[in-house]
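Printed here is target19.cif (mmCIF, C-alpha atoms):
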data_target
loop_
_atom_site.group_PDB
_atom_site.id
_atom_site.type_symbol
_atom_site.label_atom_id
_atom_site.label_comp_id
_atom_site.auth_asym_id
_atom_site.auth_seq_id
_atom_site.Cartn_x
_atom_site.Cartn_y
_atom_site.Cartn_z
ATOM 1 C CA MET A 43 0.000 0.000 0.000
ATOM 2 C CA LEU A 44 1.275 3.442 -0.867
ATOM 3 C CA SER A 45 0.478 6.399 1.316
ATOM 4 C CA PRO A 46 1.569 10.031 1.302
ATOM 5 C CA LYS A 47 3.984 10.824 4.120
ATOM 6 C CA THR A 48 1.629 13.493 5.458
ATOM 7 C CA LEU A 49 -0.906 10.802 6.381
ATOM 8 C CA LEU A 50 1.672 8.960 8.501
ATOM 9 C CA ARG A 51 1.673 11.881 10.966
ATOM 10 C CA LEU A 52 -1.930 13.045 10.622
ATOM 11 C CA PRO A 53 -3.953 12.201 13.772
ATOM 12 C CA ALA A 54 -7.201 12.045 11.759
ATOM 13 C CA ALA A 55 -5.726 9.254 9.599
ATOM 14 C CA VAL A 56 -4.886 6.952 12.516
ATOM 15 C CA SER A 57 -6.969 3.889 13.296
ATOM 16 C CA THR A 58 -7.301 2.642 16.844
ATOM 17 C CA LEU A 59 -6.606 -0.956 17.758
ATOM 18 C CA ALA A 60 -10.358 -1.414 18.229
ATOM 19 C CA ASP A 61 -10.860 -0.433 14.577
ATOM 20 C CA CYS A 62 -8.859 -3.525 13.596
ATOM 21 C CA ALA A 63 -10.414 -5.972 16.065
ATOM 22 C CA PRO A 64 -12.437 -9.056 15.126
ATOM 23 C CA GLY A 65 -15.932 -8.156 14.002
ATOM 24 C CA THR A 66 -14.800 -4.977 12.265
ATOM 25 C CA ALA A 67 -14.666 -4.531 8.519
ATOM 26 C CA PHE A 68 -13.091 -2.436 5.802
ATOM 27 C CA HIS A 69 -15.328 0.450 4.694
ATOM 28 C CA PRO A 70 -14.948 1.159 0.961
ATOM 29 C CA VAL A 71 -16.775 4.500 1.337
ATOM 30 C CA ILE A 72 -16.517 6.938 4.246
ATOM 31 C CA ALA A 73 -18.913 9.892 4.317
ATOM 32 C CA THR A 74 -18.922 13.003 6.490
ATOM 33 C CA ALA A 75 -22.269 14.767 6.172
ATOM 34 C CA GLY A 76 -24.868 16.823 7.960
ATOM 35 C CA ALA A 77 -28.602 16.148 8.066
ATOM 36 C CA ARG A 78 -29.403 18.085 4.886
ATOM 37 C CA VAL A 79 -26.942 17.693 1.996
ATOM 38 C CA GLU A 80 -26.975 20.080 -0.970
ATOM 39 C CA ARG A 81 -23.552 19.250 -2.443
ATOM 40 C CA ILE A 82 -21.562 16.012 -2.537
ATOM 41 C CA LEU A 83 -17.788 16.159 -2.866
ATOM 42 C CA LEU A 84 -16.426 12.768 -3.878
ATOM 43 C CA CYS A 85 -12.680 12.198 -3.539
ATOM 44 C CA SER A 86 -10.029 9.719 -2.496
ATOM 45 C CA GLY A 87 -6.793 9.830 -0.568
ATOM 46 C CA LYS A 88 -5.319 12.653 1.463
ATOM 47 C CA LEU A 89 -7.450 15.306 -0.247
ATOM 48 C CA ALA A 90 -10.398 14.061 1.819
ATOM 49 C CA TYR A 91 -8.764 15.307 5.012
ATOM 50 C CA GLU A 92 -8.330 18.791 3.542
ATOM 51 C CA LEU A 93 -11.942 18.857 2.359
ATOM 52 C CA GLU A 94 -13.210 17.639 5.747
ATOM 53 C CA ARG A 95 -11.136 20.287 7.550
ATOM 54 C CA GLU A 96 -12.486 22.993 5.220
ATOM 55 C CA ARG A 97 -16.037 21.708 5.728
ATOM 56 C CA ALA A 98 -15.613 21.998 9.512
ATOM 57 C CA GLU A 99 -13.983 25.455 9.352
ATOM 58 C CA ARG A 100 -16.753 26.799 7.132
ATOM 59 C CA GLY A 101 -19.516 25.086 9.088
ATOM 60 C CA ALA A 102 -20.670 23.756 5.711
ATOM 61 C CA ASP A 103 -23.190 21.203 6.967
ATOM 62 C CA GLY A 104 -24.842 21.165 3.539
ATOM 63 C CA VAL A 105 -21.708 19.647 1.999
ATOM 64 C CA ALA A 106 -20.991 15.920 2.229
ATOM 65 C CA VAL A 107 -17.401 14.776 1.826
ATOM 66 C CA VAL A 108 -17.448 11.218 0.503
ATOM 67 C CA ARG A 109 -14.084 9.452 0.450
ATOM 68 C CA LEU A 110 -13.707 6.434 -1.814
ATOM 69 C CA GLU A 111 -11.306 4.053 -0.104
ATOM 70 C CA MET A 112 -11.667 1.577 -2.955
ATOM 71 C CA LEU A 113 -11.856 2.572 -6.612
ATOM 72 C CA TYR A 114 -11.995 -0.916 -8.106
ATOM 73 C CA PRO A 115 -14.281 -2.622 -8.010
ATOM 74 C CA LEU A 116 -16.338 0.480 -7.481
ATOM 75 C CA PRO A 117 -18.587 0.070 -4.398
ATOM 76 C CA ASP A 118 -21.761 0.587 -6.451
ATOM 77 C CA ALA A 119 -24.265 -0.426 -3.773
ATOM 78 C CA VAL A 120 -22.857 1.923 -1.124
ATOM 79 C CA LEU A 121 -22.615 4.862 -3.534
ATOM 80 C CA SER A 122 -26.125 4.230 -4.877
ATOM 81 C CA ALA A 123 -27.526 4.280 -1.341
ATOM 82 C CA LEU A 124 -25.849 7.640 -0.681
ATOM 83 C CA PHE A 125 -27.118 9.089 -3.961
ATOM 84 C CA ARG A 126 -30.684 7.902 -3.169
ATOM 85 C CA ARG A 127 -30.358 9.517 0.262
ATOM 86 C CA TRP A 128 -29.445 12.889 -1.315
ATOM 87 C CA PRO A 129 -31.212 12.932 -4.735
ATOM 88 C CA GLY A 130 -31.304 16.723 -5.036
ATOM 89 C CA ALA A 131 -27.643 17.319 -4.192
ATOM 90 C CA SER A 132 -25.176 18.443 -6.835
ATOM 91 C CA CYS A 133 -22.116 16.228 -7.106
ATOM 92 C CA ALA A 134 -18.455 16.786 -7.936
ATOM 93 C CA TRP A 135 -15.401 14.546 -8.086
ATOM 94 C CA VAL A 136 -12.435 16.400 -6.567
ATOM 95 C CA GLN A 137 -8.890 15.278 -7.313
ATOM 96 C CA GLU A 138 -5.417 16.727 -6.899
ATOM 97 C CA GLU A 139 -4.226 15.439 -10.250
ATOM 98 C CA PRO A 140 -4.899 17.272 -13.515
ATOM 99 C CA CYS A 141 -8.289 16.457 -15.044
ATOM 100 C CA ASN A 142 -6.711 14.276 -17.761
ATOM 101 C CA LEU A 143 -4.952 12.127 -15.133
ATOM 102 C CA GLY A 144 -6.067 10.443 -11.927
ATOM 103 C CA ALA A 145 -9.315 8.568 -11.381
ATOM 104 C CA TRP A 146 -11.692 11.017 -13.110
ATOM 105 C CA THR A 147 -11.688 9.409 -16.551
ATOM 106 C CA TYR A 148 -12.418 6.017 -14.975
ATOM 107 C CA LEU A 149 -15.174 7.284 -12.650
ATOM 108 C CA ASP A 150 -16.951 9.872 -14.822
ATOM 109 C CA ARG A 151 -19.544 7.743 -16.628
ATOM 110 C CA ARG A 152 -19.783 5.141 -13.854
ATOM 111 C CA LEU A 153 -20.783 7.755 -11.279
ATOM 112 C CA GLU A 154 -23.210 9.370 -13.717
ATOM 113 C CA ALA A 155 -24.895 6.012 -14.366
ATOM 114 C CA LEU A 156 -25.191 5.319 -10.621
ATOM 115 C CA ARG A 157 -26.700 8.764 -10.008
ATOM 116 C CA ALA A 158 -29.186 8.341 -12.878
ATOM 117 C CA ALA A 159 -30.253 4.928 -11.584
ATOM 118 C CA ALA A 160 -30.624 6.385 -8.074
ATOM 119 C CA GLY A 161 -33.076 9.001 -9.395
ATOM 120 C CA CYS A 162 -30.875 12.041 -8.788
ATOM 121 C CA VAL A 163 -32.246 15.338 -10.091
ATOM 122 C CA GLU A 164 -28.922 16.063 -11.839
ATOM 123 C CA PRO A 165 -27.069 12.814 -12.597
ATOM 124 C CA ARG A 166 -23.996 14.469 -14.133
ATOM 125 C CA VAL A 167 -20.931 14.698 -11.938
ATOM 126 C CA ALA A 168 -18.633 17.695 -12.250
ATOM 127 C CA CYS A 169 -14.863 17.470 -11.958
ATOM 128 C CA VAL A 170 -12.836 19.836 -9.806
ATOM 129 C CA ALA A 171 -9.197 19.302 -10.730
ATOM 130 C CA ARG A 172 -6.074 20.993 -11.938
ATOM 131 C CA ASP A 173 -5.862 21.956 -15.588
ATOM 132 C CA GLU A 174 -4.725 19.310 -18.072
ATOM 133 C CA ALA A 175 -1.011 18.592 -17.874
ATOM 134 C CA ALA A 176 1.606 16.083 -18.982
ATOM 135 C CA SER A 177 2.639 15.227 -15.418
ATOM 136 C CA PRO A 178 0.600 14.632 -12.257
ATOM 137 C CA ALA A 179 2.506 17.229 -10.220
ATOM 138 C CA GLY A 180 4.316 20.491 -10.775
ATOM 139 C CA SER A 181 7.893 21.224 -9.891
ATOM 140 C CA PHE A 182 7.503 23.908 -7.250
ATOM 141 C CA HIS A 183 6.043 23.308 -3.795
ATOM 142 C CA GLY A 184 4.806 26.896 -3.439
ATOM 143 C CA ASP A 185 2.857 26.651 -6.700
ATOM 144 C CA HIS A 186 1.419 23.311 -5.587
ATOM 145 C CA GLU A 187 0.200 24.773 -2.291
ATOM 146 C CA ALA A 188 -1.467 27.710 -4.083
ATOM 147 C CA ASP A 189 -3.103 25.354 -6.597
ATOM 148 C CA GLN A 190 -4.258 23.109 -3.739
ATOM 149 C CA ARG A 191 -5.880 26.052 -1.953
ATOM 150 C CA ARG A 192 -7.706 27.099 -5.143
ATOM 151 C CA LEU A 193 -8.826 23.505 -5.675
ATOM 152 C CA VAL A 194 -10.416 23.341 -2.212
ATOM 153 C CA GLU A 195 -11.987 26.788 -2.686
ATOM 154 C CA GLN A 196 -13.518 25.697 -6.002
ATOM 155 C CA ALA A 197 -14.917 22.519 -4.480
ATOM 156 C CA PHE A 198 -16.783 24.518 -1.841
ATOM 157 C CA ALA A 199 -17.755 27.355 -4.132
ATOM 158 C CA GLY A 200 -19.534 24.899 -6.377
ATOM 159 C CA ILE A 201 -17.485 25.841 -9.397
ATOM 160 C CA ALA A 202 -17.246 22.744 -11.534
ATOM 161 C CA ALA A 203 -14.281 23.610 -13.684
ATOM 162 C CA SER A 204 -10.570 23.088 -13.823
ATOM 163 C CA LEU A 205 -8.167 25.496 -12.252
ATOM 164 C CA PRO A 206 -7.052 28.217 -14.638
ATOM 165 C CA PRO A 207 -3.620 27.608 -16.132
ATOM 166 C CA ARG A 208 -0.681 29.353 -14.502
ATOM 167 C CA GLU A 209 0.824 32.333 -16.227
ATOM 168 C CA THR A 210 3.952 31.397 -18.093
ATOM 169 C CA ILE A 211 6.766 33.567 -19.316
ATOM 170 C CA ALA A 212 8.253 32.514 -22.624
ATOM 171 C CA ALA A 213 12.023 32.455 -22.756
ATOM 172 C CA ASP A 214 13.513 34.213 -25.757
#
Rewrite the structure from the file as structure tokens, please.
Amino acid sequence: MLSPKTLLRLPAAVSTLADCAPGTAFHPVIATAGARVERILLCSGKLAYELERERAERGADGVAVVRLEMLYPLPDAVLSALFRRWPGASCAWVQEEPCNLGAWTYLDRRLEALRAAAGCVEPRVACVARDEAASPAGSFHGDHEADQRRLVEQAFAGIAASLPPRETIAAD
């Protein structure tokens, strides 16, 4: 299993011994939501912790953060139950990678089909991601942090579009 180093030290990512005891089970989907959900943010990995922290800081009870712990096989039954529970909520897949990389191209039509079958008002799922790129990450940490902040802002603002490309200066 691969894990970002940040999750090794993050208290929210630690399981207790009781979580691993007999009678417990792996949860392919983990949702953090209030009583009335207007927007669903689907994601996987460490981004979920940033979205959950932002949700708490904003007091955004109308936003559900749904973390997919397993992408394949897609946990259709669990996702369908969540979509039926919140049929009027808009939905976005949020990923750190550029929109042409990562899980988006695999999940796009699958999630839309699940939402349609669940009777959602708007079955289409938006993608909040970095702009298309040839590599999954940039070269500069400062740029990455700024992009990450804009990504989280977009997810909560309900803007379903890629981040604008960075300004570049052409070398002569």
Could you state which residues are captured by the PyMOL selection byres ((chain A and resi 142) around 10) in this file, as an mmCIF file with C-alpha atoms, keeping the file's coordinate frame?
data_model
loop_
_atom_site.group_PDB
_atom_site.id
_atom_site.type_symbol
_atom_site.label_atom_id
_atom_site.label_comp_id
_atom_site.auth_asym_id
_atom_site.auth_seq_id
_atom_site.Cartn_x
_atom_site.Cartn_y
_atom_site.Cartn_z
ATOM 1 C CA GLU A 139 -4.226 15.439 -10.250
ATOM 2 C CA PRO A 140 -4.899 17.272 -13.515
ATOM 3 C CA CYS A 141 -8.289 16.457 -15.044
ATOM 4 C CA LEU A 143 -4.952 12.127 -15.133
ATOM 5 C CA GLY A 144 -6.067 10.443 -11.927
ATOM 6 C CA ALA A 145 -9.315 8.568 -11.381
ATOM 7 C CA TRP A 146 -11.692 11.017 -13.110
ATOM 8 C CA THR A 147 -11.688 9.409 -16.551
ATOM 9 C CA ALA A 171 -9.197 19.302 -10.730
ATOM 10 C CA ARG A 172 -6.074 20.993 -11.938
ATOM 11 C CA ASP A 173 -5.862 21.956 -15.588
ATOM 12 C CA GLU A 174 -4.725 19.310 -18.072
ATOM 13 C CA ALA A 175 -1.011 18.592 -17.874
ATOM 14 C CA ALA A 176 1.606 16.083 -18.982
ATOM 15 C CA SER A 177 2.639 15.227 -15.418
ATOM 16 C CA PRO A 178 0.600 14.632 -12.257
#
Report, as lines of an AutoDock Vina configuration file, the axis-aligned box around all atoms of segment 86-99 of chain A present in the file, extended by 4 Å on each side; give centre and edge lengths in Å to one decimal place.
center_x = -10.7
center_y = 17.6
center_z = 3.5
size_x = 18.7
size_y = 23.7
size_z = 20.0
Hey, which bits of segment 85-187 of chain A sit within 6 Å of segment 56-76 of chain A, and for each residue what's the closest pair of atoms and how far apart in Å (one decimal), counting only C-alpha atoms, rows by chain and increasing number, as a Markdown table?
| residue | atom | partner | partner_atom | distance |
| --- | --- | --- | --- | --- |
| A:Asp103 | CA | A:Gly76 | CA | 4.8 |
| A:Ala106 | CA | A:Ala75 | CA | 4.3 |
| A:Val107 | CA | A:Thr74 | CA | 5.2 |
| A:Val108 | CA | A:Ala73 | CA | 4.3 |
| A:Arg109 | CA | A:Ile72 | CA | 5.2 |
| A:Leu110 | CA | A:Val71 | CA | 4.8 |
| A:Glu111 | CA | A:Pro70 | CA | 4.8 |
| A:Met112 | CA | A:Pro70 | CA | 5.1 |
Convert the current residue selection to file output with C-alpha atoms, as a PDB file, keeping the file's coordinate frame.
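Generated file (result-v1.pdb):
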ATOM      1  CA  ASP A 103     -23.190  21.203   6.967  1.00  0.00           C
ATOM      2  CA  ALA A 106     -20.991  15.920   2.229  1.00  0.00           C
ATOM      3  CA  VAL A 107     -17.401  14.776   1.826  1.00  0.00           C
ATOM      4  CA  VAL A 108     -17.448  11.218   0.503  1.00  0.00           C
ATOM      5  CA  ARG A 109     -14.084   9.452   0.450  1.00  0.00           C
ATOM      6  CA  LEU A 110     -13.707   6.434  -1.814  1.00  0.00           C
ATOM      7  CA  GLU A 111     -11.306   4.053  -0.104  1.00  0.00           C
ATOM      8  CA  MET A 112     -11.667   1.577  -2.955  1.00  0.00           C
TER       9      MET A 112
END
Kindly indicate which residue among A:Val163, A:Glu99, A:Cys133, A:Val170 lies nearest to Ala197 of chain A, using all atoms listed in the file for the distances.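 Selected residue with least distance to Ala197 of chain A: A:Val170.
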Enter the distance from atom CA of Phe198 of chain A to atom CA of Leu83 of chain A, in Å, rounded to one decimal. 8.5 Å
Please expand the PyMOL selection byres ((chain A and resi 164) around 8) into the concrete residues it hits in this file, giving the result as a PyMOL selection string. chain A and resi 130-132+157-158+162-163+165-166
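Atom CA of Ala168 of chain A is found 4.4 Å from atom CA of Ala134 of chain A.
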Between A:Arg127, A:Glu138, A:Gly200, A:Tyr148, which residue has the minimum interatomic distance to His186 of chain A, considering all atoms listed in the file?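 Ranking A:Arg127, A:Glu138, A:Gly200, A:Tyr148 by distance to His186 of chain A, first place goes to A:Glu138.
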Test item: residues at most 9 Å from Trp128 of chain A, all atoms listed in the file, excluding those fewer than 6 positions along its chain, as a PyMOL selection string: chain A and resi 78-82+162
So how many Å separate atom CA of Glu96 of chain A and atom CA of Val194 of chain A, to one decimal?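 We find that atom CA of Glu96 of chain A and atom CA of Val194 of chain A lie 7.7 Å from each other.
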When the PyMOL selection byres ((chain A and resi 92) around 12) is applied to the file above, which residues end up in the set, as a PyMOL selection string? chain A and resi 48-49+52+54-55+83+85-91+93-99+107+109+136-138+187+190-191+193-195+197-198
Of the residues A:Ala102, A:Leu149, A:Leu121, A:Ala77, which is the one nearest to Trp135 of chain A, using all atoms listed in the file? A:Leu149
Between A:Leu153, A:Val167, A:Leu84, A:Ala199, which is the closest to Leu116 of chain A once you count all atoms listed in the file?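 That would be A:Leu153, the residue with the smallest distance to Leu116 of chain A.
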Could I see segment 119-130 of chain A restored to all heavy atoms, set down as a JSON list (two decimals), in the frame of the given file?
[["chain", "number", "residue", "atom", "x", "y", "z"],
["A", 119, "ALA", "N", -23.11, -0.39, -4.68],
["A", 119, "ALA", "CA", -24.26, -0.43, -3.77],
["A", 119, "ALA", "C", -24.19, 0.68, -2.72],
["A", 119, "ALA", "O", -25.19, 1.34, -2.43],
["A", 119, "ALA", "CB", -24.36, -1.80, -3.11],
["A", 120, "VAL", "N", -23.01, 0.89, -2.16],
["A", 120, "VAL", "CA", -22.86, 1.92, -1.12],
["A", 120, "VAL", "C", -23.06, 3.31, -1.72],
["A", 120, "VAL", "O", -23.76, 4.15, -1.15],
["A", 120, "VAL", "CB", -21.47, 1.81, -0.46],
["A", 120, "VAL", "CG1", -21.30, 2.89, 0.60],
["A", 120, "VAL", "CG2", -21.26, 0.45, 0.16],
["A", 121, "LEU", "N", -22.45, 3.56, -2.88],
["A", 121, "LEU", "CA", -22.62, 4.86, -3.53],
["A", 121, "LEU", "C", -24.07, 5.10, -3.94],
["A", 121, "LEU", "O", -24.60, 6.19, -3.74],
["A", 121, "LEU", "CB", -21.70, 4.97, -4.75],
["A", 121, "LEU", "CG", -20.21, 5.11, -4.43],
["A", 121, "LEU", "CD1", -19.37, 4.97, -5.69],
["A", 121, "LEU", "CD2", -19.94, 6.43, -3.74],
["A", 122, "SER", "N", -24.72, 4.09, -4.48],
["A", 122, "SER", "CA", -26.12, 4.23, -4.88],
["A", 122, "SER", "C", -27.00, 4.60, -3.69],
["A", 122, "SER", "O", -27.90, 5.44, -3.80],
["A", 122, "SER", "CB", -26.63, 2.94, -5.51],
["A", 122, "SER", "OG", -25.99, 2.71, -6.74],
["A", 123, "ALA", "N", -26.74, 3.98, -2.55],
["A", 123, "ALA", "CA", -27.53, 4.28, -1.34],
["A", 123, "ALA", "C", -27.33, 5.74, -0.93],
["A", 123, "ALA", "O", -28.30, 6.42, -0.54],
["A", 123, "ALA", "CB", -27.12, 3.34, -0.21],
["A", 124, "LEU", "N", -26.09, 6.24, -1.01],
["A", 124, "LEU", "CA", -25.85, 7.64, -0.68],
["A", 124, "LEU", "C", -26.55, 8.57, -1.67],
["A", 124, "LEU", "O", -27.14, 9.57, -1.28],
["A", 124, "LEU", "CB", -24.35, 7.94, -0.65],
["A", 124, "LEU", "CG", -23.57, 7.36, 0.52],
["A", 124, "LEU", "CD1", -22.08, 7.63, 0.35],
["A", 124, "LEU", "CD2", -24.07, 7.92, 1.83],
["A", 125, "PHE", "N", -26.47, 8.24, -2.95],
["A", 125, "PHE", "CA", -27.12, 9.09, -3.96],
["A", 125, "PHE", "C", -28.64, 9.10, -3.78],
["A", 125, "PHE", "O", -29.29, 10.13, -3.95],
["A", 125, "PHE", "CB", -26.75, 8.63, -5.37],
["A", 125, "PHE", "CG", -25.28, 8.80, -5.71],
["A", 125, "PHE", "CD1", -24.66, 7.94, -6.59],
["A", 125, "PHE", "CD2", -24.53, 9.82, -5.15],
["A", 125, "PHE", "CE1", -23.32, 8.09, -6.92],
["A", 125, "PHE", "CE2", -23.18, 9.99, -5.47],
["A", 125, "PHE", "CZ", -22.57, 9.11, -6.36],
["A", 126, "ARG", "N", -29.23, 7.95, -3.42],
["A", 126, "ARG", "CA", -30.68, 7.90, -3.17],
["A", 126, "ARG", "C", -31.04, 8.72, -1.93],
["A", 126, "ARG", "O", -32.11, 9.30, -1.85],
["A", 126, "ARG", "CB", -31.16, 6.45, -3.00],
["A", 126, "ARG", "CG", -31.34, 5.72, -4.31],
["A", 126, "ARG", "CD", -32.08, 4.39, -4.13],
["A", 126, "ARG", "NE", -31.43, 3.49, -3.19],
["A", 126, "ARG", "CZ", -30.44, 2.65, -3.50],
["A", 126, "ARG", "NH1", -29.96, 2.63, -4.72],
["A", 126, "ARG", "NH2", -29.92, 1.87, -2.58],
["A", 127, "ARG", "N", -30.13, 8.76, -0.98],
["A", 127, "ARG", "CA", -30.36, 9.52, 0.26],
["A", 127, "ARG", "C", -30.36, 11.02, 0.00],
["A", 127, "ARG", "O", -31.06, 11.77, 0.69],
["A", 127, "ARG", "CB", -29.25, 9.15, 1.25],
["A", 127, "ARG", "CG", -29.40, 9.68, 2.61],
["A", 127, "ARG", "CD", -28.37, 9.01, 3.49],
["A", 127, "ARG", "NE", -28.03, 9.83, 4.62],
["A", 127, "ARG", "CZ", -26.99, 9.64, 5.39],
["A", 127, "ARG", "NH1", -26.17, 8.65, 5.15],
["A", 127, "ARG", "NH2", -26.74, 10.43, 6.40],
["A", 128, "TRP", "N", -29.57, 11.47, -1.00],
["A", 128, "TRP", "CA", -29.44, 12.89, -1.32],
["A", 128, "TRP", "C", -29.72, 13.13, -2.80],
["A", 128, "TRP", "O", -28.86, 13.60, -3.55],
["A", 128, "TRP", "CB", -28.05, 13.40, -0.98],
["A", 128, "TRP", "CG", -27.58, 13.11, 0.42],
["A", 128, "TRP", "CD1", -28.26, 13.32, 1.57],
["A", 128, "TRP", "CD2", -26.31, 12.57, 0.80],
["A", 128, "TRP", "NE1", -27.51, 12.95, 2.66],
["A", 128, "TRP", "CE2", -26.30, 12.48, 2.20],
["A", 128, "TRP", "CE3", -25.18, 12.15, 0.09],
["A", 128, "TRP", "CZ2", -25.20, 12.00, 2.92],
["A", 128, "TRP", "CZ3", -24.09, 11.67, 0.81],
["A", 128, "TRP", "CH2", -24.12, 11.60, 2.20],
["A", 129, "PRO", "N", -30.94, 12.86, -3.29],
["A", 129, "PRO", "CA", -31.21, 12.93, -4.74],
["A", 129, "PRO", "C", -31.14, 14.34, -5.32],
["A", 129, "PRO", "O", -30.91, 14.50, -6.52],
["A", 129, "PRO", "CB", -32.62, 12.36, -4.86],
["A", 129, "PRO", "CG", -33.25, 12.60, -3.53],
["A", 129, "PRO", "CD", -32.13, 12.48, -2.53],
["A", 130, "GLY", "N", -31.32, 15.36, -4.52],
["A", 130, "GLY", "CA", -31.30, 16.72, -5.04],
["A", 130, "GLY", "C", -29.94, 17.40, -4.95],
["A", 130, "GLY", "O", -29.78, 18.53, -5.39]]
